[in-house]
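**Q** I am sharing upload18.pdb, which consists of PDB, C-alpha atoms:
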ATOM      1  CA  SER Z   5       6.902  12.733 -21.042  1.00  0.00           C
ATOM      2  CA  LEU Z   6       8.495  11.750 -17.745  1.00  0.00           C
ATOM      3  CA  TYR Z   7       5.177  12.052 -15.897  1.00  0.00           C
ATOM      4  CA  ASN Z   8       3.557   9.282 -17.938  1.00  0.00           C
ATOM      5  CA  VAL Z   9       6.014   6.647 -16.742  1.00  0.00           C
ATOM      6  CA  THR Z  10       4.524   4.234 -14.189  1.00  0.00           C
ATOM      7  CA  GLY Z  11       7.886   3.759 -12.479  1.00  0.00           C
ATOM      8  CA  VAL Z  12       7.980   7.437 -11.535  1.00  0.00           C
ATOM      9  CA  ASP Z  13       4.610   7.111  -9.787  1.00  0.00           C
ATOM     10  CA  VAL Z  14       5.719   4.063  -7.803  1.00  0.00           C
ATOM     11  CA  ALA Z  15       9.017   5.768  -6.939  1.00  0.00           C
ATOM     12  CA  LEU Z  16       7.132   8.765  -5.539  1.00  0.00           C
ATOM     13  CA  LEU Z  17       4.829   6.511  -3.505  1.00  0.00           C
ATOM     14  CA  SER Z  18       7.852   4.693  -2.095  1.00  0.00           C
ATOM     15  CA  LEU Z  19       9.132   7.974  -0.629  1.00  0.00           C
ATOM     16  CA  ALA Z  20       6.024   8.494   1.522  1.00  0.00           C
ATOM     17  CA  ASP Z  21       6.235   8.343   5.310  1.00  0.00           C
ATOM     18  CA  HIS Z  22       2.709   6.880   5.545  1.00  0.00           C
ATOM     19  CA  SER Z  23       0.333   5.253   3.062  1.00  0.00           C
ATOM     20  CA  ILE Z  24      -3.432   5.092   2.618  1.00  0.00           C
ATOM     21  CA  LEU Z  25      -4.454   2.289   0.289  1.00  0.00           C
ATOM     22  CA  SER Z  26      -7.519   1.721  -1.827  1.00  0.00           C
ATOM     23  CA  TYR Z  27      -8.629  -1.565  -3.359  1.00  0.00           C
ATOM     24  CA  GLY Z  28      -5.977  -1.807  -6.071  1.00  0.00           C
ATOM     25  CA  THR Z  29      -2.455  -3.166  -5.895  1.00  0.00           C
ATOM     26  CA  PHE Z  30      -0.581  -0.112  -7.223  1.00  0.00           C
ATOM     27  CA  GLY Z  31      -0.451   1.652  -3.850  1.00  0.00           C
ATOM     28  CA  VAL Z  32       0.445  -1.606  -2.121  1.00  0.00           C
ATOM     29  CA  TRP Z  33       3.739  -1.697  -4.001  1.00  0.00           C
ATOM     30  CA  GLY Z  34       4.492   1.894  -3.032  1.00  0.00           C
ATOM     31  CA  ALA Z  35       3.763   1.135   0.628  1.00  0.00           C
ATOM     32  CA  LEU Z  36       5.826  -2.053   0.571  1.00  0.00           C
ATOM     33  CA  LEU Z  37       8.768  -0.242  -1.017  1.00  0.00           C
ATOM     34  CA  ALA Z  38       8.477   2.625   1.490  1.00  0.00           C
ATOM     35  CA  GLY Z  39       8.596   0.161   4.381  1.00  0.00           C
ATOM     36  CA  ARG Z  40       8.003   2.772   7.050  1.00  0.00           C
ATOM     37  CA  GLY Z  41       5.211   4.571   8.842  1.00  0.00           C
ATOM     38  CA  GLU Z  42       1.634   3.473   9.169  1.00  0.00           C
ATOM     39  CA  THR Z  43      -0.292   1.987   6.248  1.00  0.00           C
ATOM     40  CA  LEU Z  44      -4.081   2.154   6.336  1.00  0.00           C
ATOM     41  CA  LEU Z  45      -6.342  -0.185   4.382  1.00  0.00           C
ATOM     42  CA  PRO Z  46     -10.139  -0.091   3.969  1.00  0.00           C
ATOM     43  CA  ASN Z  47     -12.020  -2.238   6.511  1.00  0.00           C
ATOM     44  CA  ASP Z  48     -13.305  -4.688   3.931  1.00  0.00           C
ATOM     45  CA  ALA Z  49      -9.999  -5.002   2.056  1.00  0.00           C
ATOM     46  CA  ASN Z  50      -9.241  -8.170   4.022  1.00  0.00           C
ATOM     47  CA  LYS Z  51     -11.822  -9.947   1.863  1.00  0.00           C
ATOM     48  CA  GLY Z  52      -9.763  -9.416  -1.293  1.00  0.00           C
ATOM     49  CA  ILE Z  53      -6.483 -10.889  -2.459  1.00  0.00           C
ATOM     50  CA  VAL Z  54      -4.425  -7.928  -1.183  1.00  0.00           C
ATOM     51  CA  GLY Z  55      -5.938  -8.026   2.296  1.00  0.00           C
ATOM     52  CA  LYS Z  56      -5.512 -11.771   2.567  1.00  0.00           C
ATOM     53  CA  GLY Z  57      -1.868 -11.392   1.592  1.00  0.00           C
ATOM     54  CA  VAL Z  58      -1.351  -8.651   4.175  1.00  0.00           C
ATOM     55  CA  GLU Z  59      -2.923 -10.790   6.893  1.00  0.00           C
ATOM     56  CA  LYS Z  60      -0.818 -13.791   5.903  1.00  0.00           C
ATOM     57  CA  ALA Z  61       2.402 -11.737   5.853  1.00  0.00           C
ATOM     58  CA  LYS Z  62       1.606 -10.089   9.213  1.00  0.00           C
ATOM     59  CA  ILE Z  63       3.144  -6.801   8.080  1.00  0.00           C
ATOM     60  CA  PRO Z  64       3.624  -4.486  11.088  1.00  0.00           C
ATOM     61  CA  ASN Z  65       1.925  -1.081  11.023  1.00  0.00           C
ATOM     62  CA  TRP Z  66      -0.618  -2.132   8.388  1.00  0.00           C
ATOM     63  CA  THR Z  67      -4.086  -1.679   9.849  1.00  0.00           C
ATOM     64  CA  TYR Z  68      -7.691  -1.675   8.639  1.00  0.00           C
ATOM     65  CA  HIS Z  69      -9.804   1.454   9.121  1.00  0.00           C
TER
END
Could the structure of this file be written out as structure tokens, please?

**A**
Amino acid sequence: SLYNVTGVDVALLSLADHSILSYGTFGVWGALLAGRGETLLPNDANKGIVGKGVEKAKIPNWTYH
């Protein structure tokens, strides 16, 4: 069915005005594709590979909470 396709999930995430991320990378792609609004990451996410990449890229409106 259409709802089992990963691309549909990422497409829906990319339409969001704001993003709240967990520790995986799936939501990161949705937030990067959306490119707007505020993106919130867990406080200790900066210890992982995603957080280190975010810090290195200095993406505006991406903050730790």

**Q** Counting all atoms listed in the file, which residues come within 12 Å of (7.5, -2.4, -1.6), with the point read in the file's coordinates, and could you list them as a list in words?

**A**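 Using all atoms listed in the file, the matching residues come out as Val14, Ala15, Leu16, Leu17, Ser18, Leu19, Ala20, Ser23, Thr29, Phe30, Gly31, Val32, Trp33, Gly34, Ala35, Leu36, Leu37, Ala38, Gly39, Arg40, Thr43 and Ile63 of chain Z.
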
**Q** Evaluate the PyMOL selection byres ((chain Z and resi 26) around 7) and record the selected residues as a ChimeraX atom specification, following the chain and residue labels used in the document.

**A** /Z:24-25,27-28,45-46

**Q** Would you save the residues from that selection as a tab-separated table (two decimals), keeping the file's coordinate frame, using C-alpha atoms?

**A**
chain	number	residue	atom	x	y	z
Z	24	ILE	CA	-3.43	5.09	2.62
Z	25	LEU	CA	-4.45	2.29	0.29
Z	27	TYR	CA	-8.63	-1.56	-3.36
Z	28	GLY	CA	-5.98	-1.81	-6.07
Z	45	LEU	CA	-6.34	-0.18	4.38
Z	46	PRO	CA	-10.14	-0.09	3.97

**Q** Could you work out how far atom CA of Val12 of chain Z lies from atom CA of Gly52 of chain Z, giving the answer in Å with one decimal?

**A**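 These two atoms are separated by 26.5 Å.
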
**Q** Using atom CA of Val9 of chain Z and atom CA of Asn50 of chain Z as the two end points, give the distance in Å to one decimal.

**A**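 Separating atom CA of Val9 of chain Z from atom CA of Asn50 of chain Z is a distance of 29.7 Å.
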
**Q** Just to confirm, what's the straight-line distance from atom CA of Asn47 of chain Z to atom CA of Tyr68 of chain Z in Å (one decimal)?

**A**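 Going from atom CA of Asn47 of chain Z over to atom CA of Tyr68 of chain Z, I get 4.9 Å.
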